[in-house]
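Student: Got input-v4.txt for you, compact mmCIF, C-alpha atoms:
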```
# COMPACT_ATOMS: atom_id res chain seq x y z
CA MET A 1 47.72 1.59 154.15
CA LEU A 2 50.68 -0.63 153.38
CA SER A 3 52.68 0.19 150.31
CA ALA A 4 53.05 -2.38 147.57
CA ALA A 5 56.68 -2.88 148.57
CA LEU A 6 55.59 -4.19 151.97
CA ARG A 7 53.21 -6.85 150.71
CA TYR A 8 54.81 -10.27 150.74
CA SER A 9 53.96 -13.68 149.36
CA THR A 10 56.16 -15.62 151.75
CA LEU A 11 55.15 -18.65 153.83
CA VAL A 12 56.90 -18.97 157.20
CA THR A 13 56.76 -22.23 159.15
CA LEU A 14 57.90 -23.03 162.70
CA LEU A 15 59.61 -26.42 162.83
CA CYS A 16 58.46 -27.37 166.34
CA SER A 17 60.82 -30.33 166.72
CA VAL A 18 63.91 -28.13 166.42
CA GLY A 19 62.44 -24.71 167.29
CA VAL A 20 63.53 -23.09 164.02
CA TRP A 21 61.58 -20.82 161.68
CA ALA A 22 61.79 -21.66 157.95
CA ALA A 23 60.76 -19.19 155.25
CA GLU A 24 59.79 -20.07 151.71
CA LEU A 25 59.00 -17.66 148.89
CA VAL A 26 55.53 -18.56 147.70
CA SER A 27 56.34 -17.00 144.34
CA GLU A 28 58.57 -19.99 143.62
CA MET A 29 55.57 -22.33 143.63
CA PRO A 30 53.85 -23.03 140.29
CA SER A 31 50.44 -21.93 141.55
CA GLN A 32 49.97 -19.73 144.58
CA PRO A 33 48.09 -16.69 145.92
CA ALA A 34 49.27 -13.31 144.67
CA GLN A 35 51.14 -11.00 147.05
CA ARG A 36 48.72 -9.42 149.50
CA SER A 37 48.11 -7.93 152.94
CA GLY A 38 45.03 -7.87 155.18
CA ALA A 39 43.94 -11.40 154.20
CA ALA A 40 42.24 -13.85 156.59
CA SER A 41 43.29 -17.43 157.29
CA ALA A 42 41.87 -20.43 159.12
CA VAL A 43 43.24 -23.82 160.10
CA VAL A 44 41.35 -26.91 158.91
CA ASP A 45 43.59 -29.56 160.44
CA HIS A 46 47.28 -30.20 161.12
CA ASP A 47 48.00 -30.22 157.38
CA THR A 48 45.60 -27.68 155.86
CA LEU A 49 45.36 -23.87 155.87
CA LEU A 50 42.72 -21.69 154.18
CA LEU A 51 43.28 -18.13 152.91
CA PHE A 52 40.68 -15.59 151.75
CA GLY A 53 40.83 -12.08 150.31
CA GLY A 54 43.21 -9.26 151.15
CA LEU A 55 44.75 -6.23 149.43
CA LEU A 56 46.85 -7.01 146.37
CA ALA A 57 50.05 -5.24 145.33
CA THR A 58 47.99 -3.51 142.64
CA GLY A 59 46.09 -1.64 145.36
CA GLU A 60 42.87 -3.56 144.71
CA ALA A 61 41.26 -5.98 147.16
CA THR A 62 40.48 -9.56 146.15
CA ASN A 63 37.93 -12.20 147.11
CA ASP A 64 39.63 -15.41 146.02
CA LEU A 65 39.82 -18.46 148.31
CA TRP A 66 42.88 -20.72 148.59
CA GLU A 67 43.87 -23.92 150.35
CA TYR A 68 47.42 -24.84 151.34
CA LYS A 69 48.57 -28.41 152.06
CA ILE A 70 51.64 -28.32 154.29
CA GLU A 71 52.98 -31.82 153.69
CA LYS A 72 52.63 -31.56 149.92
CA ASP A 73 53.73 -27.89 149.89
CA LEU A 74 50.84 -27.25 147.53
CA TRP A 75 48.44 -24.31 147.03
CA THR A 76 45.03 -24.92 145.38
CA ARG A 77 42.57 -22.18 144.47
CA LEU A 78 39.13 -23.23 145.70
CA HIS A 79 37.23 -20.24 144.27
CA THR A 80 38.22 -17.39 141.96
CA GLY A 81 35.79 -14.91 143.54
CA GLU A 82 33.86 -14.55 140.28
CA GLY A 83 30.10 -14.99 140.07
CA TYR A 84 28.03 -15.22 143.25
CA ALA A 85 30.55 -14.57 146.01
CA PRO A 86 31.36 -12.14 148.83
CA ASP A 87 32.75 -8.72 147.89
CA ALA A 88 36.51 -8.26 147.84
CA ARG A 89 37.73 -7.07 151.24
CA ILE A 90 40.43 -6.69 153.86
CA GLY A 91 40.33 -6.86 157.66
CA HIS A 92 37.76 -9.70 157.68
CA THR A 93 37.79 -13.09 159.42
CA ILE A 94 37.16 -16.68 158.39
CA VAL A 95 36.65 -19.80 160.50
CA TYR A 96 36.30 -23.43 159.45
CA ARG A 97 33.68 -25.94 160.63
CA LYS A 98 31.96 -28.98 159.13
CA GLU A 99 33.27 -28.61 155.56
CA GLN A 100 32.35 -24.91 155.56
CA VAL A 101 34.42 -21.74 155.45
CA VAL A 102 32.51 -19.02 157.32
CA LEU A 103 33.36 -15.39 156.50
CA PHE A 104 32.37 -12.33 158.53
CA GLY A 105 32.81 -8.59 158.08
CA GLY A 106 35.77 -6.64 156.73
CA TYR A 107 36.33 -3.48 154.73
CA ASN A 108 35.55 -2.80 151.06
CA SER A 109 36.62 0.45 149.38
CA SER A 110 33.16 0.96 147.87
CA LYS A 111 30.95 -0.20 150.74
CA GLY A 112 33.16 0.67 153.71
CA ASP A 113 32.99 -1.56 156.79
CA MET A 114 30.68 -4.55 156.45
CA ASN A 115 28.91 -7.04 158.70
CA ASP A 116 27.77 -9.61 156.15
CA LEU A 117 28.08 -13.33 156.80
CA TRP A 118 28.91 -15.95 154.16
CA SER A 119 29.51 -19.70 154.03
CA PHE A 120 31.61 -21.53 151.43
CA HIS A 121 30.76 -25.22 150.96
CA ARG A 122 33.92 -27.10 150.08
CA GLN A 123 32.15 -30.06 148.46
CA ALA A 124 29.73 -27.96 146.39
CA GLU A 125 32.42 -25.31 145.79
CA ASN A 126 29.99 -22.41 146.11
CA TRP A 127 29.23 -19.46 148.39
CA THR A 128 25.96 -18.87 150.26
CA GLU A 129 25.12 -15.64 152.07
CA LEU A 130 23.75 -16.31 155.54
CA LEU A 131 20.97 -13.92 156.55
CA PRO A 132 20.33 -14.25 160.29
CA GLU A 133 17.20 -12.61 161.67
CA GLY A 134 17.32 -10.27 164.64
CA GLY A 135 20.24 -8.30 166.01
CA LYS A 136 23.76 -8.65 164.71
CA PRO A 137 27.20 -7.07 165.16
CA SER A 138 27.71 -3.62 163.66
CA GLN A 139 29.85 -3.16 160.55
CA ARG A 140 33.53 -3.65 161.35
CA ASN A 141 36.99 -4.70 160.25
CA GLY A 142 40.06 -5.79 162.19
CA HIS A 143 37.97 -7.93 164.56
CA ASN A 144 38.75 -11.48 165.59
CA ALA A 145 36.68 -14.65 165.22
CA PHE A 146 37.04 -18.15 166.57
CA ALA A 147 35.15 -21.45 166.24
CA PRO A 148 36.30 -24.06 168.80
CA GLY A 149 36.76 -27.15 166.63
CA ILE A 150 35.63 -28.40 163.23
CA ASN A 151 32.33 -29.63 164.72
CA SER A 152 31.63 -26.38 166.54
CA THR A 153 28.02 -25.21 166.72
CA TYR A 154 28.99 -21.57 167.21
CA MET A 155 31.48 -18.84 166.32
CA LEU A 156 32.70 -16.04 168.58
CA VAL A 157 33.44 -12.53 167.30
CA PHE A 158 35.27 -9.92 169.34
CA GLY A 159 36.28 -6.30 168.83
CA GLY A 160 37.36 -4.49 165.70
CA ASN A 161 37.09 -0.76 164.95
CA LEU A 162 38.18 0.09 168.52
CA LYS A 163 35.25 -1.87 169.97
CA ASN A 164 35.32 -4.50 172.69
CA ASP A 165 31.89 -6.03 172.28
CA GLN A 166 31.54 -9.79 171.98
CA TRP A 167 29.09 -11.76 169.87
CA LYS A 168 28.19 -15.42 169.41
CA TYR A 169 26.82 -16.76 166.14
CA ASP A 170 24.84 -20.02 166.47
CA PHE A 171 25.16 -22.09 163.28
CA ASP A 172 22.14 -24.28 164.05
CA GLU A 173 19.86 -21.34 164.88
CA ASN A 174 21.33 -19.06 162.18
CA ALA A 175 21.21 -16.28 164.77
CA TRP A 176 23.53 -13.82 166.49
CA HIS A 177 23.58 -13.39 170.26
CA ARG A 178 25.25 -10.45 171.98
CA MET A 179 27.41 -11.70 174.86
CA LYS A 180 29.08 -8.44 175.94
CA ASN A 181 28.29 -4.80 175.12
CA ASP A 182 30.88 -2.31 173.97
CA THR A 183 31.82 -0.85 177.37
CA LEU A 184 32.60 2.67 178.58
CA GLN A 185 34.90 3.99 181.28
CA ASN A 186 34.13 7.49 182.48
CA GLY A 187 32.15 8.11 179.32
CA VAL A 188 35.06 7.10 177.09
CA PRO A 189 35.27 3.77 175.22
CA THR A 190 37.70 1.36 176.84
CA LEU A 191 41.01 1.03 175.05
CA SER A 192 40.71 -1.73 172.53
CA THR A 193 42.46 -2.34 169.27
CA ALA A 194 41.47 -2.95 165.71
CA PHE A 195 43.62 -6.09 165.90
CA PRO A 196 42.67 -8.13 168.99
CA ILE A 197 43.87 -11.69 169.48
CA LEU A 198 41.18 -14.14 170.56
CA VAL A 199 41.79 -17.67 171.81
CA ILE A 200 39.90 -20.32 173.75
CA LEU A 201 41.72 -21.95 176.69
CA GLY A 202 39.58 -24.62 178.28
CA THR A 203 36.34 -22.86 179.22
CA HIS A 204 37.90 -19.38 179.12
CA LEU A 205 37.82 -16.80 176.35
CA LEU A 206 41.05 -14.80 176.29
CA ALA A 207 41.44 -11.48 174.49
CA ASN A 208 44.82 -9.82 174.09
CA PHE A 209 45.19 -6.22 172.90
CA ALA A 210 48.09 -4.63 171.04
CA LEU A 211 48.36 -1.18 169.52
```
Represent the structure contained in this file as structure tokens.
Tutor:
Amino acid sequence: MLSAALRYSTLVTLLCSVGVWAAELVSEMPSQPAQRSGAASAVVDHDTLLLFGGLLATGEATNDLWEYKIEKDLWTRLHTGEGYAPDARIGHTIVYRKEQVVLFGGYNSSKGDMNDLWSFHRQAENWTELLPEGGKPSQRNGHNAFAPGINSTYMLVFGGNLKNDQWKYDFDENAWHRMKNDTLQNGVPTLSTAFPILVILGTHLLANFAL
């Protein structure tokens, strides 16, 4: 677990036109997320970033949801996490599609690893738990998730907890589909990490592992 001294509230931006990284202390902004680690983020468009959850410097996890506007350099809290909302957590993922923030999995100190699925409606400003029927991924944290575009009809989930299985969640069907099983080599799980990197390149799904 990271110590409080290693949790930062700093926003770092790559200025593509000049190839220079620029760092800004978020604590200097009038309203911003508290210092944290293990949060999840998702890109809405070229100007908007979403941030959910994470472990605060106090040692407690949170379940607040934030939006950052790059051009305006402005953070806005979309939901405090109070009332009907997902549990506080770390090691989860969020994706964005069709005005919805979709949250999957993560770790909670009371419940352990989770495999719940939630959707936040930006216009209604409320959370809804999605309850797909049939099979679904096992409880996990440190996985990766990806939805290819804001109009995507599905989300891909890969790995986490030293697994390398792959799942597809269909938004229209409200159902999970297993694409790849967790594999074995000589009776031993293949080397995978709790922090895989998942991207879509054309029609290919690419997974990169790092210990």
Student: Which is closest to His92 in chain A among A:Leu156, A:Met114, A:Ala34, A:Ala124, if we use all atoms listed in the file?
Tutor: A:Met114
Student: Do a neighbour search on Pro132 in chain A at 12 Å with only C-alpha atoms, toss out local chain neighbours closer than 3 positions, and write the hits as a PyMOL selection string.
Tutor: chain A and resi 115-118+129+135-137+169-177
Student: Neighbouring residues of Asp47 in chain A were defined as those with any atom within 8 Å, considering only C-alpha atoms; residues of the same chain fewer than 5 positions away were excluded. Please report them as a list in words.
Tutor: Lys69, Ile70 and Glu71 of chain A
Student: Return the single residue from A:Asp64, A:Asp45, A:Asp87, A:Glu133 that is closest to Asn108 in chain A, with distances computed using all atoms listed in the file.
Tutor: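 Between A:Asp64, A:Asp45, A:Asp87, A:Glu133, the residue approaching Asn108 in chain A most closely is A:Asp87.
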Student: Axis-aligned box over every listed atom of range 78-91 of chain A, padded by 6 Å per side: centre and edges in Å to one decimal, as lines of an AutoDock Vina configuration file?
Tutor:
```
center_x = 34.2
center_y = -15.0
center_z = 148.9
size_x = 24.4
size_y = 28.5
size_z = 29.6
```
Student: Smallest atom-to-atom distance to Ser109 in chain A: which of A:Gly59, A:Pro33, A:Pro148, A:Gly81, using all atoms listed in the file?
Tutor: A:Gly59
Student: Rank nothing, just name the residue among A:Gln35, A:Asn164, A:Gln100, A:Thr48 nearest to Gln123 in chain A, using all atoms listed in the file.
Tutor: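 Counting all atoms listed in the file, the residue closest to Gln123 in chain A is A:Gln100.
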Student: Please list as a PDB file with C-alpha atoms, keeping the file's coordinate frame every residue within 10 Å of Tyr84 in chain A, counting only C-alpha atoms and excluding residues in the same chain fewer than 5 positions away.
Tutor:
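Resulting contents of around20.pdb:
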```pdb
ATOM      1  CA  ASN A 126      29.990 -22.410 146.110  1.00  0.00           C
ATOM      2  CA  TRP A 127      29.230 -19.460 148.390  1.00  0.00           C
ATOM      3  CA  THR A 128      25.960 -18.870 150.260  1.00  0.00           C
ATOM      4  CA  GLU A 129      25.120 -15.640 152.070  1.00  0.00           C
TER       5      GLU A 129
END
```
Student: In Å, rounded to a single decimal, give me how far CA of Gly38 in chain A is from CA of Gly91 in chain A.
Tutor: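 Interatomic distance, CA of Gly91 in chain A to CA of Gly38 in chain A: 5.4 Å.
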Student: Report, in Å to a single decimal, how far apart CA of Ala40 in chain A and CA of Ser152 in chain A are.
Tutor: 19.2 Å
Student: Determine the nearest neighbour of Asn141 in chain A from the options A:His79, A:Lys168, A:Lys180, A:Arg89, counting all atoms listed in the file.
Tutor: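 The answer is A:Arg89, which sits nearest to Asn141 in chain A.
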Student: Choose the residue, out of A:Val44, A:Leu74, A:Val101, A:Ile150, that has the smallest atom-to-atom separation from Glu125 in chain A; count all atoms listed in the file.
Tutor: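 Under the stated criterion, the closest residue is A:Val101.
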